[in-house]
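Asks: My structure file protein.tsv, TSV, C-alpha atoms, is below:
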```tsv
chain	number	residue	atom	x	y	z
A	1	PHE	CA	-34.93	5.48	-65.92
A	2	LEU	CA	-33.86	2.33	-64.03
A	3	ILE	CA	-34.17	3.92	-60.57
A	4	SER	CA	-37.64	5.27	-61.39
A	5	SER	CA	-38.62	1.74	-62.48
A	6	ASP	CA	-37.74	0.38	-58.99
A	7	VAL	CA	-34.64	-1.49	-60.17
A	8	GLY	CA	-32.66	-0.04	-57.23
A	9	THR	CA	-29.13	1.36	-57.13
A	10	GLU	CA	-27.20	-1.93	-57.02
A	11	ALA	CA	-28.74	-3.55	-60.11
A	12	SER	CA	-28.96	-0.18	-61.93
A	13	SER	CA	-25.22	0.42	-61.44
A	14	LYS	CA	-24.43	-3.02	-62.83
A	15	ILE	CA	-26.68	-2.51	-65.87
A	16	LYS	CA	-25.20	0.94	-66.49
A	17	SER	CA	-21.70	-0.54	-66.36
A	18	ILE	CA	-22.64	-3.29	-68.87
A	19	ILE	CA	-24.18	-0.74	-71.28
A	20	SER	CA	-21.13	1.55	-71.03
A	21	LYS	CA	-18.82	-1.31	-72.11
A	22	LYS	CA	-20.88	-2.29	-75.17
A	23	LYS	CA	-20.13	-0.85	-78.60
A	24	ILE	CA	-23.26	0.49	-80.25
A	25	ASP	CA	-23.30	1.15	-83.97
A	26	PRO	CA	-24.10	4.89	-84.33
A	27	GLU	CA	-26.06	4.14	-87.50
A	28	LEU	CA	-28.56	2.00	-85.55
A	29	ASP	CA	-31.33	3.29	-83.29
A	30	GLN	CA	-29.50	3.77	-80.00
A	31	PHE	CA	-32.63	3.47	-77.86
A	32	SER	CA	-33.46	0.08	-79.42
A	33	GLU	CA	-29.88	-1.11	-79.02
A	34	ILE	CA	-29.82	-0.15	-75.31
A	35	ASN	CA	-33.18	-1.89	-74.82
A	36	LYS	CA	-31.70	-5.03	-76.40
A	37	ILE	CA	-28.74	-4.93	-74.00
A	38	LEU	CA	-31.14	-4.43	-71.10
A	39	LYS	CA	-33.35	-7.32	-72.24
A	40	ASP	CA	-30.33	-9.65	-72.60
A	41	PHE	CA	-29.18	-8.69	-69.10
A	42	ILE	CA	-32.62	-9.37	-67.56
A	43	ILE	CA	-32.89	-12.77	-69.28
A	44	SER	CA	-29.34	-13.84	-68.31
A	45	LEU	CA	-30.04	-12.81	-64.69
A	46	MET	CA	-33.51	-14.30	-64.37
A	47	ARG	CA	-33.61	-17.39	-66.59
A	48	PRO	CA	-31.65	-19.46	-64.00
A	49	LEU	CA	-34.31	-18.43	-61.45
A	50	GLU	CA	-37.29	-19.84	-63.39
A	51	LYS	CA	-39.00	-22.69	-61.55
A	52	LYS	CA	-41.57	-23.85	-64.07
A	53	ASN	CA	-41.77	-27.39	-62.66
A	54	PHE	CA	-43.18	-26.02	-59.36
A	55	PHE	CA	-46.76	-26.58	-60.56
A	56	SER	CA	-46.24	-30.04	-62.06
A	57	LYS	CA	-47.35	-33.27	-60.40
A	58	LYS	CA	-44.47	-34.59	-58.32
A	59	ASN	CA	-44.32	-36.39	-54.99
A	60	VAL	CA	-47.36	-37.04	-52.83
A	61	ASN	CA	-47.59	-35.02	-49.57
A	62	GLU	CA	-45.70	-31.91	-50.64
A	63	VAL	CA	-46.10	-29.30	-47.89
A	64	ILE	CA	-45.94	-25.70	-49.14
A	65	LEU	CA	-45.74	-22.81	-46.68
A	66	ILE	CA	-47.02	-19.52	-48.11
A	67	SER	CA	-45.92	-16.34	-46.35
A	68	GLY	CA	-46.18	-12.61	-46.96
A	69	VAL	CA	-47.32	-9.42	-45.26
A	70	ASN	CA	-51.02	-8.61	-45.02
A	71	GLY	CA	-52.26	-6.94	-48.19
A	72	ALA	CA	-49.73	-8.56	-50.54
A	73	GLY	CA	-52.42	-10.80	-52.04
A	74	LYS	CA	-51.26	-13.95	-50.25
A	75	THR	CA	-54.60	-15.69	-49.71
A	76	THR	CA	-55.83	-14.91	-53.24
A	77	THR	CA	-52.53	-16.22	-54.61
A	78	ILE	CA	-53.00	-19.49	-52.69
A	79	GLY	CA	-56.38	-19.93	-54.41
A	80	LYS	CA	-54.81	-19.36	-57.82
A	81	ILE	CA	-51.90	-21.74	-57.07
A	82	GLY	CA	-54.44	-24.35	-55.99
A	83	LYS	CA	-56.27	-24.01	-59.31
A	84	ILE	CA	-53.08	-24.58	-61.35
A	85	PHE	CA	-52.18	-27.59	-59.20
A	86	LEU	CA	-55.64	-29.06	-59.84
A	87	GLU	CA	-55.26	-28.53	-63.58
A	88	ASN	CA	-52.02	-30.55	-63.36
A	89	LYS	CA	-53.90	-33.48	-61.76
A	90	ASN	CA	-52.80	-32.84	-58.17
A	91	LYS	CA	-54.98	-33.46	-55.12
A	92	VAL	CA	-54.92	-30.24	-53.06
A	93	ILE	CA	-55.83	-29.19	-49.53
A	94	PHE	CA	-55.75	-25.74	-47.92
A	95	ALA	CA	-54.71	-25.07	-44.31
A	96	ALA	CA	-56.08	-21.79	-42.89
A	97	CYS	CA	-53.25	-21.02	-40.46
A	98	ASP	CA	-53.73	-17.24	-40.44
A	99	THR	CA	-55.99	-17.70	-37.41
A	100	PHE	CA	-55.26	-14.17	-36.17
A	101	ARG	CA	-57.61	-12.71	-38.80
A	102	ALA	CA	-61.12	-14.08	-39.21
A	103	ALA	CA	-61.28	-12.45	-42.66
A	104	ALA	CA	-58.28	-14.50	-43.83
A	105	ILE	CA	-59.99	-17.76	-42.83
A	106	GLU	CA	-63.21	-16.70	-44.60
A	107	GLN	CA	-61.34	-15.64	-47.73
A	108	LEU	CA	-59.47	-18.96	-47.97
A	109	GLU	CA	-62.75	-20.80	-47.39
A	110	GLU	CA	-64.30	-18.90	-50.33
A	111	TRP	CA	-61.40	-19.96	-52.54
A	112	SER	CA	-61.72	-23.59	-51.41
A	113	LYS	CA	-65.37	-23.53	-52.54
A	114	LYS	CA	-64.54	-21.71	-55.78
A	115	ILE	CA	-62.01	-24.29	-56.95
A	116	ASN	CA	-63.53	-27.22	-55.03
A	117	VAL	CA	-60.74	-28.28	-52.66
A	118	GLU	CA	-60.92	-29.28	-49.01
A	119	ILE	CA	-59.87	-26.87	-46.27
A	120	ILE	CA	-58.68	-27.51	-42.73
A	121	LYS	CA	-59.53	-24.58	-40.45
A	122	SER	CA	-60.25	-23.68	-36.85
A	123	SER	CA	-61.90	-20.80	-35.03
A	124	PRO	CA	-60.24	-17.33	-35.12
A	125	GLY	CA	-57.57	-16.96	-32.45
A	126	SER	CA	-56.86	-20.69	-32.19
A	127	ASP	CA	-53.36	-22.18	-32.43
A	128	PRO	CA	-52.19	-21.95	-36.08
A	129	ALA	CA	-49.67	-24.78	-35.60
A	130	SER	CA	-52.47	-27.18	-34.63
A	131	VAL	CA	-54.26	-26.39	-37.92
A	132	ALA	CA	-51.03	-27.05	-39.85
A	133	TYR	CA	-50.56	-30.34	-37.99
A	134	LYS	CA	-54.13	-31.49	-38.75
A	135	ALA	CA	-53.83	-30.54	-42.43
A	136	THR	CA	-50.47	-32.30	-42.88
A	137	ASN	CA	-51.68	-35.39	-41.06
A	138	TYR	CA	-54.90	-35.46	-43.13
A	139	ALA	CA	-52.84	-35.14	-46.33
A	140	LYS	CA	-50.61	-38.04	-45.30
A	141	LEU	CA	-53.56	-40.30	-44.45
A	142	ASN	CA	-55.46	-39.41	-47.64
A	143	LYS	CA	-52.54	-39.26	-50.11
A	144	ILE	CA	-53.06	-35.57	-50.90
A	145	ASP	CA	-50.36	-34.24	-53.28
A	146	LYS	CA	-50.16	-30.59	-52.19
A	147	VAL	CA	-50.79	-29.01	-48.79
A	148	LEU	CA	-51.00	-25.21	-49.14
A	149	ILE	CA	-50.54	-23.51	-45.77
A	150	ASP	CA	-51.67	-19.89	-45.37
A	151	THR	CA	-49.74	-18.04	-42.63
A	152	ALA	CA	-50.12	-14.74	-40.77
A	153	GLY	CA	-48.56	-11.56	-42.18
A	154	ARG	CA	-46.57	-8.81	-40.44
A	155	LEU	CA	-44.05	-11.37	-39.24
A	156	GLN	CA	-40.98	-9.25	-39.61
A	157	ASN	CA	-41.90	-6.85	-36.81
A	158	LYS	CA	-43.91	-9.05	-34.41
A	159	LYS	CA	-41.89	-11.55	-32.44
A	160	ASN	CA	-44.85	-13.72	-31.38
A	161	LEU	CA	-45.96	-14.15	-35.01
A	162	MET	CA	-42.40	-15.10	-36.01
A	163	GLU	CA	-42.41	-17.79	-33.33
A	164	GLU	CA	-45.82	-19.07	-34.54
A	165	TYR	CA	-44.48	-19.17	-38.09
A	166	LYS	CA	-41.49	-21.28	-37.02
A	167	LYS	CA	-43.80	-23.50	-34.98
A	168	ILE	CA	-46.00	-24.17	-38.05
A	169	ALA	CA	-42.93	-25.39	-39.97
A	170	GLY	CA	-41.87	-27.45	-36.96
A	171	VAL	CA	-45.17	-29.33	-36.53
A	172	THR	CA	-45.34	-30.34	-40.20
A	173	LYS	CA	-41.94	-32.04	-39.71
A	174	LYS	CA	-43.48	-34.21	-37.00
A	175	VAL	CA	-45.82	-35.69	-39.63
A	176	ILE	CA	-43.60	-35.57	-42.74
A	177	ASN	CA	-39.99	-35.27	-41.64
A	178	ASP	CA	-38.59	-33.42	-44.67
A	179	SER	CA	-41.35	-30.76	-44.72
A	180	PRO	CA	-42.03	-27.97	-45.47
A	181	HIS	CA	-40.82	-28.77	-48.97
A	182	GLU	CA	-41.38	-25.23	-50.27
A	183	VAL	CA	-41.41	-21.88	-48.45
A	184	ILE	CA	-42.85	-19.25	-50.80
A	185	LEU	CA	-42.94	-15.51	-50.11
A	186	VAL	CA	-45.68	-13.45	-51.81
A	187	LEU	CA	-44.61	-9.86	-52.55
A	188	ASP	CA	-46.60	-6.81	-53.63
A	189	ALA	CA	-44.94	-5.07	-56.61
A	190	THR	CA	-46.50	-1.72	-55.63
A	191	SER	CA	-44.51	-1.72	-52.35
A	192	GLY	CA	-41.32	-0.79	-54.22
A	193	GLN	CA	-38.06	-1.03	-52.28
A	194	ASN	CA	-39.90	-2.08	-49.08
A	195	VAL	CA	-40.07	-5.65	-50.40
A	196	ILE	CA	-36.27	-5.95	-50.14
A	197	ASN	CA	-36.63	-5.75	-46.35
A	198	GLN	CA	-39.45	-8.32	-46.44
A	199	VAL	CA	-37.31	-10.83	-48.37
A	200	ASP	CA	-34.48	-10.23	-45.91
A	201	GLU	CA	-36.57	-10.76	-42.78
A	202	PHE	CA	-38.66	-13.72	-43.95
A	203	ASN	CA	-35.55	-15.45	-45.32
A	204	LYS	CA	-33.91	-15.19	-41.89
A	205	ILE	CA	-36.82	-16.94	-40.14
A	206	ILE	CA	-37.13	-19.92	-42.52
A	207	PRO	CA	-34.99	-19.99	-45.71
A	208	LEU	CA	-37.17	-19.20	-48.74
A	209	THR	CA	-37.35	-21.53	-51.73
A	210	GLY	CA	-39.24	-19.20	-54.05
A	211	LEU	CA	-41.00	-15.89	-54.66
A	212	ILE	CA	-44.31	-14.83	-56.21
A	213	MET	CA	-44.86	-11.18	-57.10
A	214	THR	CA	-48.40	-9.81	-57.29
A	215	LYS	CA	-50.00	-6.61	-58.63
A	216	LEU	CA	-47.86	-6.24	-61.73
A	217	ASP	CA	-50.96	-5.14	-63.64
A	218	GLY	CA	-51.06	-1.54	-62.42
A	219	THR	CA	-48.56	1.27	-61.94
A	220	ALA	CA	-45.77	-1.01	-60.65
A	221	LYS	CA	-43.11	-1.35	-63.34
A	222	GLY	CA	-41.68	-4.60	-61.94
A	223	GLY	CA	-38.10	-3.37	-61.65
A	224	ILE	CA	-38.08	-4.41	-58.00
A	225	LEU	CA	-38.11	-8.05	-59.15
A	226	ILE	CA	-34.86	-7.37	-61.05
A	227	ALA	CA	-33.35	-5.86	-57.87
A	228	ILE	CA	-34.40	-8.89	-55.81
A	229	ALA	CA	-33.09	-11.33	-58.44
A	230	GLN	CA	-29.76	-9.51	-58.46
A	231	LYS	CA	-29.44	-9.51	-54.66
A	232	TYR	CA	-30.91	-12.86	-53.56
A	233	LYS	CA	-30.88	-15.21	-56.60
A	234	LEU	CA	-34.09	-16.82	-55.27
A	235	PRO	CA	-36.32	-18.83	-57.64
A	236	ILE	CA	-39.28	-16.88	-59.04
A	237	ILE	CA	-42.37	-19.08	-59.22
A	238	ALA	CA	-45.02	-16.83	-60.76
A	239	ILE	CA	-46.30	-13.28	-61.17
A	240	GLY	CA	-49.79	-11.96	-60.52
A	241	LEU	CA	-51.27	-9.75	-63.23
A	242	GLY	CA	-54.75	-9.11	-61.84
A	243	GLU	CA	-57.64	-10.24	-59.67
A	244	ASN	CA	-59.15	-12.87	-61.97
A	245	ILE	CA	-58.70	-16.56	-61.22
A	246	ASP	CA	-56.40	-17.11	-64.22
A	247	ASP	CA	-54.23	-14.02	-63.64
A	248	LEU	CA	-51.35	-15.90	-62.00
A	249	GLN	CA	-48.73	-16.63	-64.66
A	250	ILE	CA	-45.82	-19.03	-64.37
A	251	PHE	CA	-42.68	-16.88	-64.43
A	252	ASP	CA	-40.89	-16.68	-67.78
A	253	SER	CA	-37.78	-14.47	-67.92
A	254	GLU	CA	-38.14	-13.60	-71.62
A	255	LYS	CA	-41.80	-12.58	-71.30
A	256	PHE	CA	-40.95	-10.57	-68.18
A	257	ALA	CA	-38.05	-8.78	-69.93
A	258	ASP	CA	-40.29	-7.88	-72.91
A	259	ALA	CA	-43.08	-6.61	-70.64
A	260	PHE	CA	-40.63	-4.58	-68.52
A	261	ILE	CA	-39.09	-2.83	-71.52
A	262	HIS	CA	-42.38	-2.10	-73.26
A	263	ALA	CA	-44.07	-0.89	-70.05
A	264	ASN	CA	-41.31	1.62	-69.55
```
Before we go any further, please render this structure as structure tokens.
Replies:
Amino acid sequence: FLISSDVGTEASSKIKSIISKKKIDPELDQFSEINKILKDFIISLMRPLEKKNFFSKKNVNEVILISGVNGAGKTTTIGKIGKIFLENKNKVIFAACDTFRAAAIEQLEEWSKKINVEIIKSSPGSDPASVAYKATNYAKLNKIDKVLIDTAGRLQNKKNLMEEYKKIAGVTKKVINDSPHEVILVLDATSGQNVINQVDEFNKIIPLTGLIMTKLDGTAKGGILIAIAQKYKLPIIAIGLGENIDDLQIFDSEKFADAFIHAN
């Protein structure tokens, strides 16, 4: 059951071991009792990884690098993050640094219009680091609270994109020396065990400070998030439950545990 739900062998073995050591009253419903043990395990594992203050209004000029492979829902997620930031009284700016794909620039521009935030962009094929520099500098001059930087996907198997990614982080430091303040990886729940490799590779390039998992509204059972939590102990910022503008939910371990058990 756990393997088929994408929990993976490592976390599944640990859960199986915990269940085997628990005494279950034979007069109670054994399925319900095992579900309770599973729920308690998920909450104890994932509650320390909640990062609910991520969206609150904090320091001015917070630079947030958003990464993820193409197709994970990265650009859409940036739009939704921007909306939550705005609701929490933050000034927001987008930086369209995925200059390798014209469609990515256009998509981010659509989101900037939809939620009414400014965007710094350049023509397709231009230097992504220069866009990041301009956006960070503009934010500093205009006291913008959050700079959301969209980056190119497919980093883990293209050396030149990895170098560009590092360069983006480097140029923001020239403007605000302790940036980027957050490095968030967007993961697609339907990719199953493949996302483990993505976390591994992106984390090697620039250490991650948080994860967002998208597409938990369909066939994906979400067990892969348990596997990642078990292996990496990285903060989980939010989960995406659909395409609508309000479908990004701040991660809550108890709600996730309930949804995981009832979906399976």
Asks: Residues of region 8-84 of chain A that approach region 204-228 of chain A to 8 Å or less, counting only C-alpha atoms: could you list each one with the shortest pair of atoms and its distance in Å to one decimal, rows by chain and increasing residue number, as JSON lines?
Replies:
```
{"residue": "A:Gly8", "atom": "CA", "partner": "A:Ala227", "partner_atom": "CA", "distance": 5.9}
{"residue": "A:Glu10", "atom": "CA", "partner": "A:Ala227", "partner_atom": "CA", "distance": 7.3}
{"residue": "A:Ala11", "atom": "CA", "partner": "A:Ala227", "partner_atom": "CA", "distance": 5.6}
{"residue": "A:Ile42", "atom": "CA", "partner": "A:Ile226", "partner_atom": "CA", "distance": 7.2}
{"residue": "A:Met46", "atom": "CA", "partner": "A:Ile226", "partner_atom": "CA", "distance": 7.8}
{"residue": "A:Ala72", "atom": "CA", "partner": "A:Thr214", "partner_atom": "CA", "distance": 7.0}
{"residue": "A:Gly73", "atom": "CA", "partner": "A:Thr214", "partner_atom": "CA", "distance": 6.7}
```
Asks: Leu141 (chain A): which residues within 12 Å, counting only C-alpha atoms, same-chain residues fewer than 3 positions away excluded, as a short mmCIF file (atom, residue, chain, number, x, y, z; two decimals) with C-alpha atoms, in the coordinates of the input?
Replies:
```cif
data_model
loop_
_atom_site.label_atom_id
_atom_site.label_comp_id
_atom_site.auth_asym_id
_atom_site.auth_seq_id
_atom_site.Cartn_x
_atom_site.Cartn_y
_atom_site.Cartn_z
CA VAL A 60 -47.36 -37.04 -52.83
CA ASN A 61 -47.59 -35.02 -49.57
CA LYS A 134 -54.13 -31.49 -38.75
CA ALA A 135 -53.83 -30.54 -42.43
CA THR A 136 -50.47 -32.30 -42.88
CA ASN A 137 -51.68 -35.39 -41.06
CA TYR A 138 -54.90 -35.46 -43.13
CA ILE A 144 -53.06 -35.57 -50.90
CA ASP A 145 -50.36 -34.24 -53.28
CA VAL A 175 -45.82 -35.69 -39.63
CA ILE A 176 -43.60 -35.57 -42.74
#
```
Asks: Using only C-alpha atoms, which of A:Ser5, A:Asn160, A:Thr172, A:Asn35 sits nearest Phe100 (chain A)?
Replies: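 For Phe100 (chain A), the nearest of the candidates is A:Asn160.
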Asks: Give me the residues near Ser123 (chain A) as a count of residues only, where near means some atom within 12 Å (using all atoms listed in the file) and where sequence neighbours in that chain fewer than 5 positions away do not count.
Replies: 14
Asks: Compare A:Ala132, A:Leu108, A:Leu2, A:Ile78 by their minimum atom-to-atom distance to Val63 (chain A), counting only C-alpha atoms, and give me the closest one.
Replies: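 Under the stated criterion, the closest residue is A:Ala132.
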Asks: Quick one: residues within 10 Å of Gly71 (chain A), all atoms listed in the file counted, chain neighbours fewer than 4 positions away excluded, as a short mmCIF file (atom, residue, chain, number, x, y, z; two decimals) with C-alpha atoms, in the frame of the given file?
Replies:
```cif
data_model
loop_
_atom_site.label_atom_id
_atom_site.label_comp_id
_atom_site.auth_asym_id
_atom_site.auth_seq_id
_atom_site.Cartn_x
_atom_site.Cartn_y
_atom_site.Cartn_z
CA THR A 75 -54.60 -15.69 -49.71
CA GLY A 153 -48.56 -11.56 -42.18
CA ARG A 154 -46.57 -8.81 -40.44
CA VAL A 186 -45.68 -13.45 -51.81
CA LEU A 187 -44.61 -9.86 -52.55
CA ASP A 188 -46.60 -6.81 -53.63
#
```
Asks: Identify which of the residues A:Glu27, A:Glu87, A:Glu62, A:Glu254 lies closest to Lys140 (chain A), counting all atoms listed in the file when measuring atom-to-atom distances.
Replies: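 Ranked by minimum distance to Lys140 (chain A), first place goes to A:Glu62.
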Asks: Could you list, as a PyMOL selection string, every residue within 12 Å of Lys36 (chain A), counting only C-alpha atoms and ignoring same-chain residues fewer than 5 positions away?
Replies: chain A and resi 15+18-19+22+24+28-31+41-43+254+257-258+260-262
Asks: Where's the centre, and what are the edge lengths in Å to one decimal, of a box along x, y and z enclosing all listed atoms of region 181-192 of chain A padded 5 Å per side, as AutoDock Vina command-line options?
Replies:
```
--center_x -43.7 --center_y -14.8 --center_z -52.5 --size_x 15.8 --size_y 38.0 --size_z 18.2
```
Asks: With all atoms listed in the file as the counted atoms, please give the residues lying no more than 10 Å from Tyr232 (chain A), apart from itself and same-chain residues fewer than 6 positions off, as a ChimeraX atom specification.
Replies: /A:196,199-200,203
Asks: Could you write those residues out with C-alpha atoms, as a PDB file, keeping the file's coordinate frame?
Replies:
```pdb
ATOM      1  CA  ILE A 196     -36.270  -5.950 -50.140  1.00  0.00           C
ATOM      2  CA  VAL A 199     -37.310 -10.830 -48.370  1.00  0.00           C
ATOM      3  CA  ASP A 200     -34.480 -10.230 -45.910  1.00  0.00           C
ATOM      4  CA  ASN A 203     -35.550 -15.450 -45.320  1.00  0.00           C
TER       5      ASN A 203
END
```
Asks: One decimal, in Å: what's the spacing between CA of Lys80 (chain A) and CA of Ala189 (chain A)?
Replies: 17.4 Å
Asks: What is the CA of Glu164 (chain A)-CA of Thr77 (chain A) distance in Å, reported with one decimal?
Replies: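 Pair CA of Glu164 (chain A) / CA of Thr77 (chain A) returns 21.4 Å.
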Asks: May I ask for the distance between CA of Glu50 (chain A) and CA of Gln230 (chain A), given in Å to one decimal place?
Replies: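 Between CA of Glu50 (chain A) and CA of Gln230 (chain A) the gap is 13.7 Å.
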Asks: In terms of the shortest atom-to-atom distance over all atoms listed in the file, which of A:Glu33, A:Ile245, A:Val69, A:Lys14 is closest to Asn194 (chain A)?
Replies: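 Nearest to Asn194 (chain A): A:Val69.
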Asks: Rank A:Ser17, A:Asn53, A:Ser12, A:Ser32 by their smallest atom-to-atom distance to Ile250 (chain A), using all atoms listed in the file, and report the top residue only.
Replies: A:Asn53
Asks: Will you model N, CA and C atoms for region 90-114 of chain A and pass it back as a CSV table (one decimal), keeping the file's coordinate frame?
Replies:
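selection35.csv written:
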```csv
chain,number,residue,atom,x,y,z
A,90,ASN,N,-53.2,-32.7,-59.6
A,90,ASN,CA,-52.8,-32.8,-58.2
A,90,ASN,C,-54.0,-32.8,-57.3
A,91,LYS,N,-54.0,-33.6,-56.2
A,91,LYS,CA,-55.0,-33.5,-55.1
A,91,LYS,C,-54.5,-32.4,-54.2
A,92,VAL,N,-55.3,-31.4,-53.8
A,92,VAL,CA,-54.9,-30.2,-53.1
A,92,VAL,C,-55.8,-30.1,-51.8
A,93,ILE,N,-55.1,-29.6,-50.7
A,93,ILE,CA,-55.8,-29.2,-49.5
A,93,ILE,C,-55.3,-27.9,-49.0
A,94,PHE,N,-56.2,-27.0,-48.5
A,94,PHE,CA,-55.8,-25.7,-47.9
A,94,PHE,C,-55.7,-25.9,-46.4
A,95,ALA,N,-54.8,-25.2,-45.8
A,95,ALA,CA,-54.7,-25.1,-44.3
A,95,ALA,C,-54.8,-23.6,-43.9
A,96,ALA,N,-55.9,-23.2,-43.3
A,96,ALA,CA,-56.1,-21.8,-42.9
A,96,ALA,C,-55.4,-21.5,-41.6
A,97,CYS,N,-54.1,-21.2,-41.7
A,97,CYS,CA,-53.2,-21.0,-40.5
A,97,CYS,C,-53.1,-19.5,-40.1
A,98,ASP,N,-53.7,-18.6,-40.9
A,98,ASP,CA,-53.7,-17.2,-40.4
A,98,ASP,C,-54.9,-17.1,-39.5
A,99,THR,N,-54.8,-17.7,-38.3
A,99,THR,CA,-56.0,-17.7,-37.4
A,99,THR,C,-56.2,-16.4,-36.7
A,100,PHE,N,-55.2,-15.5,-36.9
A,100,PHE,CA,-55.3,-14.2,-36.2
A,100,PHE,C,-56.3,-13.2,-36.8
A,101,ARG,N,-56.6,-13.6,-38.1
A,101,ARG,CA,-57.6,-12.7,-38.8
A,101,ARG,C,-58.8,-13.6,-39.3
A,102,ALA,N,-59.9,-13.3,-38.8
A,102,ALA,CA,-61.1,-14.1,-39.2
A,102,ALA,C,-61.3,-13.9,-40.7
A,103,ALA,N,-61.1,-12.7,-41.2
A,103,ALA,CA,-61.3,-12.4,-42.7
A,103,ALA,C,-60.4,-13.3,-43.5
A,104,ALA,N,-59.2,-13.6,-43.0
A,104,ALA,CA,-58.3,-14.5,-43.8
A,104,ALA,C,-58.8,-15.9,-43.9
A,105,ILE,N,-59.4,-16.4,-42.8
A,105,ILE,CA,-60.0,-17.8,-42.8
A,105,ILE,C,-61.2,-17.8,-43.8
A,106,GLU,N,-62.0,-16.8,-43.7
A,106,GLU,CA,-63.2,-16.7,-44.6
A,106,GLU,C,-62.8,-16.6,-46.1
A,107,GLN,N,-61.8,-15.8,-46.3
A,107,GLN,CA,-61.3,-15.6,-47.7
A,107,GLN,C,-60.8,-17.0,-48.3
A,108,LEU,N,-60.0,-17.7,-47.5
A,108,LEU,CA,-59.5,-19.0,-48.0
A,108,LEU,C,-60.6,-20.0,-48.2
A,109,GLU,N,-61.6,-19.9,-47.3
A,109,GLU,CA,-62.8,-20.8,-47.4
A,109,GLU,C,-63.5,-20.5,-48.7
A,110,GLU,N,-63.6,-19.3,-49.1
A,110,GLU,CA,-64.3,-18.9,-50.3
A,110,GLU,C,-63.5,-19.5,-51.5
A,111,TRP,N,-62.2,-19.4,-51.5
A,111,TRP,CA,-61.4,-20.0,-52.5
A,111,TRP,C,-61.5,-21.5,-52.6
A,112,SER,N,-61.6,-22.1,-51.4
A,112,SER,CA,-61.7,-23.6,-51.4
A,112,SER,C,-63.0,-24.0,-52.1
A,113,LYS,N,-64.1,-23.2,-51.9
A,113,LYS,CA,-65.4,-23.5,-52.5
A,113,LYS,C,-65.3,-23.2,-54.0
A,114,LYS,N,-64.6,-22.1,-54.4
A,114,LYS,CA,-64.5,-21.7,-55.8
A,114,LYS,C,-63.8,-22.7,-56.7
```
